[in-house]
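Text of the file protein03.cif, holding mmCIF, C-alpha atoms:
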```cif
data_coords
loop_
_atom_site.group_PDB
_atom_site.id
_atom_site.type_symbol
_atom_site.label_atom_id
_atom_site.label_comp_id
_atom_site.auth_asym_id
_atom_site.auth_seq_id
_atom_site.Cartn_x
_atom_site.Cartn_y
_atom_site.Cartn_z
ATOM 1 C CA MET A 1 -97.466 47.457 -15.982
ATOM 2 C CA GLY A 2 -94.839 50.236 -16.122
ATOM 3 C CA GLU A 3 -92.137 48.418 -14.161
ATOM 4 C CA GLN A 4 -89.304 50.722 -13.102
ATOM 5 C CA ASN A 5 -86.233 50.307 -15.310
ATOM 6 C CA ASN A 6 -83.291 52.454 -14.282
ATOM 7 C CA PHE A 7 -81.179 51.101 -17.150
ATOM 8 C CA LYS A 8 -83.496 52.994 -19.500
ATOM 9 C CA LEU A 9 -83.237 56.148 -17.385
ATOM 10 C CA LEU A 10 -79.455 55.826 -17.382
ATOM 11 C CA GLY A 11 -79.481 55.542 -21.179
ATOM 12 C CA GLU A 12 -81.649 58.661 -21.491
ATOM 13 C CA GLU A 13 -79.363 60.569 -19.133
ATOM 14 C CA GLU A 14 -76.269 59.604 -21.178
ATOM 15 C CA ASP A 15 -78.020 60.521 -24.445
ATOM 16 C CA ASN A 16 -78.801 63.981 -23.049
ATOM 17 C CA GLN A 17 -75.248 64.401 -21.803
ATOM 18 C CA TYR A 18 -73.728 63.658 -25.232
ATOM 19 C CA PRO A 19 -76.417 64.631 -27.740
ATOM 20 C CA HIS A 20 -74.223 64.491 -30.869
ATOM 21 C CA PRO A 21 -70.617 63.767 -31.871
ATOM 22 C CA PRO A 22 -68.569 66.756 -33.121
ATOM 23 C CA PRO A 23 -69.058 67.815 -36.785
ATOM 24 C CA GLU A 24 -65.601 66.483 -37.775
ATOM 25 C CA THR A 25 -66.878 62.955 -37.176
ATOM 26 C CA GLU A 26 -69.704 63.422 -39.686
ATOM 27 C CA MET A 27 -67.332 65.052 -42.178
ATOM 28 C CA GLY A 28 -64.931 62.118 -41.862
ATOM 29 C CA ILE A 29 -67.677 59.535 -42.362
ATOM 30 C CA MET A 30 -69.353 61.280 -45.290
ATOM 31 C CA GLY A 31 -65.944 61.855 -46.915
ATOM 32 C CA ASN A 32 -65.237 58.120 -46.709
ATOM 33 C CA VAL A 33 -68.701 57.284 -48.040
ATOM 34 C CA ARG A 34 -68.163 59.578 -51.065
ATOM 35 C CA VAL A 35 -64.763 57.991 -51.791
ATOM 36 C CA PHE A 36 -66.217 54.456 -51.549
ATOM 37 C CA ASN A 37 -69.084 55.424 -53.852
ATOM 38 C CA PHE A 38 -66.661 56.940 -56.378
ATOM 39 C CA VAL A 39 -64.352 53.904 -56.323
ATOM 40 C CA SER A 40 -67.248 51.464 -56.702
ATOM 41 C CA ASN A 41 -68.622 53.496 -59.655
ATOM 42 C CA VAL A 42 -65.217 53.509 -61.338
ATOM 43 C CA LEU A 43 -64.795 49.767 -60.789
ATOM 44 C CA GLU A 44 -68.286 49.057 -62.097
ATOM 45 C CA LEU A 45 -67.608 51.057 -65.265
ATOM 46 C CA TYR A 46 -64.035 50.121 -66.068
ATOM 47 C CA LEU A 47 -63.257 46.732 -64.502
ATOM 48 C CA PRO A 48 -64.806 44.693 -67.358
ATOM 49 C CA LYS A 49 -62.731 46.713 -69.848
ATOM 50 C CA VAL A 50 -59.544 46.058 -67.852
ATOM 51 C CA PHE A 51 -60.261 42.299 -68.013
ATOM 52 C CA GLU A 52 -60.814 42.477 -71.780
ATOM 53 C CA MET A 53 -57.557 44.385 -72.207
ATOM 54 C CA PHE A 54 -55.709 41.846 -70.069
ATOM 55 C CA ILE A 55 -57.118 38.951 -72.105
ATOM 56 C CA SER A 56 -56.047 40.515 -75.399
ATOM 57 C CA MET A 57 -52.590 41.279 -73.933
ATOM 58 C CA VAL A 58 -51.990 37.593 -73.124
ATOM 59 C CA GLY A 59 -53.050 36.605 -76.631
ATOM 60 C CA GLY A 60 -56.666 35.688 -76.020
ATOM 61 C CA VAL A 61 -59.437 36.548 -78.428
ATOM 62 C CA ARG A 62 -62.651 38.282 -77.520
ATOM 63 C CA GLU A 63 -65.830 36.208 -77.768
ATOM 64 C CA SER A 64 -67.230 38.350 -80.631
ATOM 65 C CA SER A 65 -64.139 37.848 -82.845
ATOM 66 C CA ASN A 66 -64.235 34.085 -82.072
ATOM 67 C CA ILE A 67 -67.745 33.889 -83.446
ATOM 68 C CA GLN A 68 -66.721 35.791 -86.608
ATOM 69 C CA SER A 69 -63.720 33.532 -87.260
ATOM 70 C CA ARG A 70 -65.885 30.429 -86.706
ATOM 71 C CA SER A 71 -68.419 31.603 -89.280
ATOM 72 C CA ASN A 72 -65.607 32.402 -91.743
ATOM 73 C CA SER A 73 -64.129 28.914 -91.401
ATOM 74 C CA SER A 74 -67.514 27.277 -92.021
ATOM 75 C CA ASP A 75 -67.836 29.386 -95.210
ATOM 76 C CA ASP A 76 -64.458 28.066 -96.321
ATOM 77 C CA LYS A 77 -65.623 24.473 -95.765
ATOM 78 C CA ALA A 78 -68.705 25.087 -97.873
ATOM 79 C CA ASP A 79 -66.580 26.468 -100.739
ATOM 80 C CA SER A 80 -64.346 23.406 -100.832
ATOM 81 C CA PRO A 81 -65.734 20.728 -103.269
ATOM 82 C CA ASP A 82 -65.076 17.771 -100.884
ATOM 83 C CA GLY A 83 -66.273 19.701 -97.837
ATOM 84 C CA ASN A 84 -62.815 19.449 -96.203
ATOM 85 C CA GLU A 85 -60.960 22.374 -94.743
ATOM 86 C CA LYS A 86 -58.474 23.951 -97.133
ATOM 87 C CA MET B 1 -90.425 74.869 -41.683
ATOM 88 C CA GLN B 2 -92.220 72.039 -43.406
ATOM 89 C CA ASP B 3 -90.492 70.036 -46.139
ATOM 90 C CA ASP B 4 -91.887 70.262 -49.617
ATOM 91 C CA PRO B 5 -91.422 66.837 -51.201
ATOM 92 C CA LYS B 6 -91.678 68.289 -54.712
ATOM 93 C CA ARG B 7 -88.958 70.841 -54.068
ATOM 94 C CA ASN B 8 -86.538 68.610 -52.171
ATOM 95 C CA PRO B 9 -87.122 64.856 -52.401
ATOM 96 C CA ILE B 10 -84.313 64.082 -49.947
ATOM 97 C CA THR B 11 -85.333 66.288 -47.021
ATOM 98 C CA SER B 12 -88.896 65.044 -47.422
ATOM 99 C CA THR B 13 -87.615 61.564 -46.510
ATOM 100 C CA SER B 14 -86.946 62.761 -42.961
ATOM 101 C CA LEU B 15 -90.506 61.644 -42.263
ATOM 102 C CA ARG B 16 -89.927 58.178 -43.687
ATOM 103 C CA SER B 17 -89.077 55.032 -41.743
ATOM 104 C CA ASP B 18 -85.525 53.728 -41.479
ATOM 105 C CA SER B 19 -86.146 50.823 -43.830
ATOM 106 C CA GLU B 20 -87.604 53.157 -46.487
ATOM 107 C CA VAL B 21 -84.561 55.433 -46.236
ATOM 108 C CA ILE B 22 -82.239 52.396 -46.506
ATOM 109 C CA LYS B 23 -84.049 51.192 -49.630
ATOM 110 C CA LEU B 24 -83.809 54.668 -51.149
ATOM 111 C CA TYR B 25 -80.112 54.831 -50.346
ATOM 112 C CA LEU B 26 -79.392 51.386 -51.807
ATOM 113 C CA SER B 27 -81.267 52.155 -55.007
ATOM 114 C CA THR B 28 -79.843 55.660 -55.588
ATOM 115 C CA ARG B 29 -76.496 55.650 -53.720
ATOM 116 C CA GLU B 30 -77.283 59.260 -52.803
ATOM 117 C CA THR B 31 -75.115 60.169 -49.774
ATOM 118 C CA ALA B 32 -77.832 62.470 -48.397
ATOM 119 C CA TYR B 33 -79.913 59.388 -47.490
ATOM 120 C CA PHE B 34 -77.010 57.903 -45.547
ATOM 121 C CA SER B 35 -76.483 61.281 -43.895
ATOM 122 C CA LEU B 36 -80.101 61.153 -42.748
ATOM 123 C CA LEU B 37 -79.521 57.767 -41.069
ATOM 124 C CA TYR B 38 -76.359 59.179 -39.503
ATOM 125 C CA ASN B 39 -78.253 62.136 -38.039
ATOM 126 C CA ARG B 40 -80.867 59.802 -36.568
ATOM 127 C CA TYR B 41 -78.415 57.528 -34.753
ATOM 128 C CA ALA B 42 -75.040 59.267 -34.349
ATOM 129 C CA GLY B 43 -75.892 60.717 -30.919
ATOM 130 C CA LYS B 44 -76.953 57.387 -29.449
ATOM 131 C CA VAL B 45 -73.982 55.531 -30.936
ATOM 132 C CA PHE B 46 -71.610 58.221 -29.643
ATOM 133 C CA SER B 47 -73.023 58.178 -26.100
ATOM 134 C CA LYS B 48 -72.866 54.366 -25.983
ATOM 135 C CA CYS B 49 -69.236 54.486 -27.128
ATOM 136 C CA ILE B 50 -68.377 57.013 -24.396
ATOM 137 C CA SER B 51 -70.158 54.859 -21.840
ATOM 138 C CA MET B 52 -68.204 51.759 -22.909
ATOM 139 C CA LEU B 53 -64.787 53.230 -23.762
ATOM 140 C CA LYS B 54 -64.789 56.033 -21.151
ATOM 141 C CA ASP B 55 -62.846 58.369 -23.464
ATOM 142 C CA GLU B 56 -64.370 61.011 -25.729
ATOM 143 C CA GLY B 57 -61.575 60.899 -28.317
ATOM 144 C CA LEU B 58 -61.748 57.114 -28.617
ATOM 145 C CA ALA B 59 -65.542 57.354 -28.798
ATOM 146 C CA GLN B 60 -65.297 59.771 -31.756
ATOM 147 C CA ASP B 61 -62.996 57.388 -33.656
ATOM 148 C CA ALA B 62 -65.232 54.464 -32.722
ATOM 149 C CA THR B 63 -68.348 56.297 -33.968
ATOM 150 C CA GLN B 64 -66.602 56.912 -37.289
ATOM 151 C CA ASP B 65 -65.533 53.264 -37.640
ATOM 152 C CA ILE B 66 -68.981 52.009 -36.636
ATOM 153 C CA PHE B 67 -70.736 54.129 -39.276
ATOM 154 C CA ILE B 68 -68.281 52.965 -41.954
ATOM 155 C CA LYS B 69 -69.119 49.392 -40.875
ATOM 156 C CA ILE B 70 -72.834 50.209 -41.073
ATOM 157 C CA TYR B 71 -72.319 51.703 -44.556
ATOM 158 C CA SER B 72 -70.455 48.678 -45.872
ATOM 159 C CA ASN B 73 -72.970 46.206 -44.411
ATOM 160 C CA LEU B 74 -76.137 48.148 -45.167
ATOM 161 C CA ALA B 75 -77.089 45.858 -48.060
ATOM 162 C CA LYS B 76 -76.877 42.895 -45.658
ATOM 163 C CA PHE B 77 -79.404 44.389 -43.209
ATOM 164 C CA SER B 78 -82.226 41.866 -43.425
ATOM 165 C CA GLU B 79 -84.929 43.622 -41.347
ATOM 166 C CA LYS B 80 -85.142 40.577 -39.048
ATOM 167 C CA SER B 81 -84.704 43.066 -36.205
ATOM 168 C CA LYS B 82 -85.235 46.822 -35.926
ATOM 169 C CA PHE B 83 -82.581 48.970 -37.610
ATOM 170 C CA SER B 84 -81.776 50.573 -34.228
ATOM 171 C CA THR B 85 -81.201 47.130 -32.656
ATOM 172 C CA TRP B 86 -78.898 46.219 -35.551
ATOM 173 C CA ILE B 87 -76.908 49.454 -35.131
ATOM 174 C CA TYR B 88 -76.585 49.063 -31.354
ATOM 175 C CA SER B 89 -75.432 45.466 -31.650
ATOM 176 C CA ILE B 90 -72.692 46.621 -34.078
ATOM 177 C CA THR B 91 -71.793 49.353 -31.561
ATOM 178 C CA TYR B 92 -71.504 47.045 -28.529
ATOM 179 C CA ASN B 93 -69.654 44.436 -30.557
ATOM 180 C CA TYR B 94 -67.198 47.034 -31.829
ATOM 181 C CA CYS B 95 -66.507 48.342 -28.299
ATOM 182 C CA ILE B 96 -66.021 44.829 -26.881
ATOM 183 C CA ASP B 97 -63.634 43.930 -29.748
ATOM 184 C CA PHE B 98 -61.777 47.210 -29.347
ATOM 185 C CA LEU B 99 -61.200 46.658 -25.628
ATOM 186 C CA ARG B 100 -60.244 43.035 -26.231
ATOM 187 C CA ARG B 101 -57.688 44.105 -28.868
ATOM 188 C CA LYS B 102 -56.213 46.687 -26.538
ATOM 189 C CA LYS B 103 -55.740 43.827 -24.050
ATOM 190 C CA LYS B 104 -56.242 46.270 -21.231
ATOM 191 C CA GLU B 105 -59.324 44.327 -20.302
ATOM 192 C CA LYS B 106 -58.370 40.679 -20.564
ATOM 193 C CA ASN B 107 -61.426 39.282 -18.834
ATOM 194 C CA LEU B 108 -64.311 41.034 -20.522
ATOM 195 C CA PHE B 109 -66.990 38.773 -19.079
ATOM 196 C CA THR B 110 -67.366 37.249 -15.641
ATOM 197 C CA GLY B 111 -66.645 33.562 -16.152
ATOM 198 C CA GLU B 112 -63.767 34.135 -18.596
ATOM 199 C CA MET B 113 -61.472 34.362 -15.591
ATOM 200 C CA ASP B 114 -59.164 31.544 -14.518
ATOM 201 C CA ASN B 115 -61.587 30.278 -11.888
ATOM 202 C CA PRO B 116 -65.137 30.996 -12.998
ATOM 203 C CA PRO B 117 -67.698 30.710 -10.205
ATOM 204 C CA ASP B 118 -69.310 27.247 -10.211
ATOM 205 C CA ILE B 119 -72.590 28.275 -8.664
ATOM 206 C CA VAL B 120 -74.164 31.498 -9.825
ATOM 207 C CA GLU B 121 -76.702 33.106 -7.581
ATOM 208 C CA GLU B 122 -79.990 33.849 -9.378
ATOM 209 C CA VAL B 123 -80.770 37.584 -9.302
ATOM 210 C CA GLU B 124 -84.317 38.739 -9.983
ATOM 211 C CA ASP B 125 -84.669 41.334 -12.775
ATOM 212 C CA HIS B 126 -86.535 43.833 -10.589
ATOM 213 C CA GLU B 127 -83.717 43.868 -8.001
ATOM 214 C CA LEU B 128 -81.312 45.037 -10.702
ATOM 215 C CA LEU B 129 -83.690 47.373 -12.542
ATOM 216 C CA GLN B 130 -84.576 49.260 -9.389
ATOM 217 C CA ILE B 131 -81.037 50.085 -8.239
ATOM 218 C CA GLU B 132 -80.871 53.839 -7.727
ATOM 219 C CA LEU B 133 -79.620 55.649 -10.838
ATOM 220 C CA LYS B 134 -76.361 57.034 -9.388
ATOM 221 C CA LYS B 135 -75.516 53.718 -7.755
ATOM 222 C CA LEU B 136 -76.320 51.814 -10.950
ATOM 223 C CA LYS B 137 -73.881 54.041 -12.830
ATOM 224 C CA VAL B 138 -71.137 53.242 -10.299
ATOM 225 C CA VAL B 139 -71.910 49.510 -10.349
ATOM 226 C CA LEU B 140 -71.841 49.348 -14.177
ATOM 227 C CA ASN B 141 -68.452 51.049 -14.203
ATOM 228 C CA LYS B 142 -67.060 48.544 -11.688
ATOM 229 C CA ILE B 143 -68.054 45.306 -13.423
ATOM 230 C CA PRO B 144 -66.174 43.848 -16.458
ATOM 231 C CA VAL B 145 -67.042 45.759 -19.637
ATOM 232 C CA GLY B 146 -68.484 42.673 -21.366
ATOM 233 C CA ASP B 147 -70.896 42.218 -18.465
ATOM 234 C CA LYS B 148 -71.879 45.871 -18.713
ATOM 235 C CA ALA B 149 -72.458 45.542 -22.480
ATOM 236 C CA ILE B 150 -74.601 42.428 -22.164
ATOM 237 C CA LEU B 151 -76.713 43.980 -19.365
ATOM 238 C CA MET B 152 -77.218 47.151 -21.419
ATOM 239 C CA MET B 153 -78.246 45.114 -24.470
ATOM 240 C CA LYS B 154 -80.741 43.169 -22.374
ATOM 241 C CA TYR B 155 -82.209 45.905 -20.156
ATOM 242 C CA GLN B 156 -81.524 49.191 -21.951
ATOM 243 C CA GLU B 157 -82.038 48.155 -25.589
ATOM 244 C CA GLU B 158 -84.418 45.352 -24.622
ATOM 245 C CA MET B 159 -82.798 43.031 -27.158
ATOM 246 C CA SER B 160 -83.967 39.418 -27.178
ATOM 247 C CA ILE B 161 -81.607 36.564 -26.242
ATOM 248 C CA LYS B 162 -81.535 35.596 -29.925
ATOM 249 C CA GLU B 163 -80.544 39.123 -30.992
ATOM 250 C CA ILE B 164 -77.792 39.296 -28.357
ATOM 251 C CA ALA B 165 -76.542 35.862 -29.408
ATOM 252 C CA GLU B 166 -76.339 37.012 -33.040
ATOM 253 C CA ALA B 167 -74.615 40.263 -32.058
ATOM 254 C CA LEU B 168 -71.965 38.531 -29.951
ATOM 255 C CA ASP B 169 -71.712 35.448 -32.173
ATOM 256 C CA LYS B 170 -72.516 33.132 -29.244
ATOM 257 C CA THR B 171 -75.123 30.461 -28.689
ATOM 258 C CA GLU B 172 -78.360 31.404 -26.928
ATOM 259 C CA SER B 173 -77.504 29.205 -23.934
ATOM 260 C CA ALA B 174 -74.077 30.872 -23.633
ATOM 261 C CA VAL B 175 -75.770 34.283 -23.664
ATOM 262 C CA LYS B 176 -78.246 33.192 -20.969
ATOM 263 C CA MET B 177 -75.320 32.073 -18.793
ATOM 264 C CA LYS B 178 -73.417 35.315 -19.421
ATOM 265 C CA ILE B 179 -76.461 37.380 -18.450
ATOM 266 C CA LYS B 180 -76.947 35.312 -15.302
ATOM 267 C CA ARG B 181 -73.284 35.771 -14.314
ATOM 268 C CA ALA B 182 -73.327 39.484 -15.190
ATOM 269 C CA LYS B 183 -76.424 40.035 -13.023
ATOM 270 C CA ALA B 184 -74.828 38.165 -10.125
ATOM 271 C CA LYS B 185 -71.606 40.153 -10.529
ATOM 272 C CA ALA B 186 -73.464 43.478 -10.638
ATOM 273 C CA MET B 187 -75.473 42.590 -7.566
ATOM 274 C CA SER B 188 -72.404 41.467 -5.597
ATOM 275 C CA VAL B 189 -70.573 44.720 -6.498
ATOM 276 C CA TYR B 190 -73.672 46.672 -5.455
ATOM 277 C CA LYS B 191 -73.842 44.863 -2.107
ATOM 278 C CA ASP B 192 -70.113 45.331 -1.494
ATOM 279 C CA LEU B 193 -70.257 49.045 -2.220
ATOM 280 C CA PHE B 194 -73.588 50.137 -0.825
ATOM 281 C CA ASN B 195 -74.711 47.630 1.820
#
```
What is this file in C-alpha cells?
Amino acid sequence: MGEQNNFKLLGEEEDNQYPHPPPETEMGIMGNVRVFNFVSNVLELYLPKVFEMFISMVGGVRESSNIQSRSNSSDDKADSPDGNEK
Amino acid sequence: MQDDPKRNPITSTSLRSDSEVIKLYLSTRETAYFSLLYNRYAGKVFSKCISMLKDEGLAQDATQDIFIKIYSNLAKFSEKSKFSTWIYSITYNYCIDFLRRKKKEKNLFTGEMDNPPDIVEEVEDHELLQIELKKLKVVLNKIPVGDKAILMMKYQEEMSIKEIAEALDKTESAVKMKIKRAKAKAMSVYKDLFN
C-alpha cells in the first residue's frame, strides 16, 4: 500500500541529525557494566562464605559438623550395654 | 574488512541477531556483547531522548541511565516483542518519568488536566500521518510531551496497543483513549497554527 507516514520520516531525520551520543556516554555505561559484573562475581564467590562465618560467629554449627557429631553420639549409644546415652 | 569468526568470536557476532547476542551476553557476561547492543541502539535512543527532553546534556545522561536499566533488566527480556520495541518503550517511559519528576510538565497527557474534554473528536490516521514534515515537527513540540510520546510509539515505532499499554503500565482501553485524545490535540494545534 505504501501509505505516507511522516512520523517515520521525522524519526529518520532526527536519527541522521544525532547519529551517536558522545564517546563519554559509552565509557560511562561500560564502566558501570564492568563494576556491576565485578561486584556480582565477588558476591557469587564470597557471599556463601560470609554467611557461614556469620553462623559460626553466633555459635551455630555447620551442617557437616552436625552430621559428624550425630554419628559419634549414635556410636556412644551402641557402646553402652543398656543402649542408653552415657 | 570481513570478520573472521575463528580469530575473533566477538566481532563475528556483529552479524548475529539481537536475541542471539543477548543469549551470548547472558551466558558469558562478556562486556563486548553488551557493547555490541549499545552500538546498535545508542544513536536511536539518544535521538529520541533529545526529541523528548529537548536538551543534549540531559539526553546524554538519560541515554546512560537507560542503558544501565537495559543492562540490569536484560535477563527479564522475554522476546514477546522485538528487542528494539522493548528498548524504545524503556526510553519513552524513562523520558516521561523524568519530565514528571521534574514537575515542569505537570499535565503530560491531554485529559490529565483539571477539565478533560468530554467529547473527543475522532481524527483519521491519514490526516495526521500526512501533515507536512516541518509542520509535524512544530505540532509535536507544542502538544503535551506524553501525547507526543504516545503518538511516536504508535506511528513512528508502530508499537501495538498492547505493547504501549505494557510500556506505560496502563490498560489497553486507557491507551486507546490517550491516543484518541493525543490525535485530537495534535490536530487542533495544527489547525490553530496553520489553518
Expansion of the PyMOL selection byres ((chain A) within 10 of (chain B)) into residues, as a PyMOL selection string: chain A and resi 3-22+24-34+36-37
Point-to-point distance in Å for CA of Asn93 (chain B) and CA of Val138 (chain B): 22.1 Å
Distance of CA of Glu79 (chain B) from CA of Leu36 (chain B), expressed in Å to one decimal place: 18.2 Å
Residues within 7 Å of (-71.0, 39.6, -18.4), file coords, only C-alpha atoms, listed as a list in words: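 Selection result: Phe109, Thr110, Pro144, Gly146, Asp147, Lys148, Ile150, Lys178, Ile179, Arg181 and Ala182 of chain B.
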Would you put the residues from that selection into a file with C-alpha atoms, as a compact mmCIF listing (two decimals), in the coordinates of the input?
```
# COMPACT_ATOMS: atom_id res chain seq x y z
CA PHE B 109 -66.99 38.77 -19.08
CA THR B 110 -67.37 37.25 -15.64
CA PRO B 144 -66.17 43.85 -16.46
CA GLY B 146 -68.48 42.67 -21.37
CA ASP B 147 -70.90 42.22 -18.46
CA LYS B 148 -71.88 45.87 -18.71
CA ILE B 150 -74.60 42.43 -22.16
CA LYS B 178 -73.42 35.32 -19.42
CA ILE B 179 -76.46 37.38 -18.45
CA ARG B 181 -73.28 35.77 -14.31
CA ALA B 182 -73.33 39.48 -15.19
```
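For the pair CA of Phe38 (chain A) and CA of Ser56 (chain A), the separation is 27.3 Å.
The nearest approach to Phe194 (chain B) among the residues B:Lys135, B:Phe83, B:Leu58, B:Tyr88, with only C-alpha atoms taken into account, belongs to B:Lys135.
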Among listed residues B:Met52, B:Val123, B:Val21, B:Val175, nearest Leu99 (chain B) (using only C-alpha atoms): B:Met52
Skipping near chain neighbours, those fewer than 2 positions away, what residues fall within 12 Å of Asp97 (chain B) using all atoms listed in the file, listed as a PDB file with C-alpha atoms, in the frame of the given file?
```pdb
ATOM      1  CA  MET B  52     -68.204  51.759 -22.909  1.00  0.00           C
ATOM      2  CA  LEU B  53     -64.787  53.230 -23.762  1.00  0.00           C
ATOM      3  CA  ALA B  62     -65.232  54.464 -32.722  1.00  0.00           C
ATOM      4  CA  ILE B  66     -68.981  52.009 -36.636  1.00  0.00           C
ATOM      5  CA  ILE B  90     -72.692  46.621 -34.078  1.00  0.00           C
ATOM      6  CA  THR B  91     -71.793  49.353 -31.561  1.00  0.00           C
ATOM      7  CA  TYR B  92     -71.504  47.045 -28.529  1.00  0.00           C
ATOM      8  CA  ASN B  93     -69.654  44.436 -30.557  1.00  0.00           C
ATOM      9  CA  TYR B  94     -67.198  47.034 -31.829  1.00  0.00           C
ATOM     10  CA  CYS B  95     -66.507  48.342 -28.299  1.00  0.00           C
ATOM     11  CA  LEU B  99     -61.200  46.658 -25.628  1.00  0.00           C
ATOM     12  CA  ARG B 100     -60.244  43.035 -26.231  1.00  0.00           C
ATOM     13  CA  ARG B 101     -57.688  44.105 -28.868  1.00  0.00           C
ATOM     14  CA  LYS B 102     -56.213  46.687 -26.538  1.00  0.00           C
ATOM     15  CA  LYS B 103     -55.740  43.827 -24.050  1.00  0.00           C
ATOM     16  CA  LYS B 104     -56.242  46.270 -21.231  1.00  0.00           C
ATOM     17  CA  GLU B 105     -59.324  44.327 -20.302  1.00  0.00           C
ATOM     18  CA  LYS B 106     -58.370  40.679 -20.564  1.00  0.00           C
ATOM     19  CA  LEU B 108     -64.311  41.034 -20.522  1.00  0.00           C
ATOM     20  CA  VAL B 145     -67.042  45.759 -19.637  1.00  0.00           C
ATOM     21  CA  GLY B 146     -68.484  42.673 -21.366  1.00  0.00           C
ATOM     22  CA  ALA B 149     -72.458  45.542 -22.480  1.00  0.00           C
ATOM     23  CA  ALA B 167     -74.615  40.263 -32.058  1.00  0.00           C
ATOM     24  CA  LEU B 168     -71.965  38.531 -29.951  1.00  0.00           C
ATOM     25  CA  ASP B 169     -71.712  35.448 -32.173  1.00  0.00           C
TER      26      ASP B 169
END
```
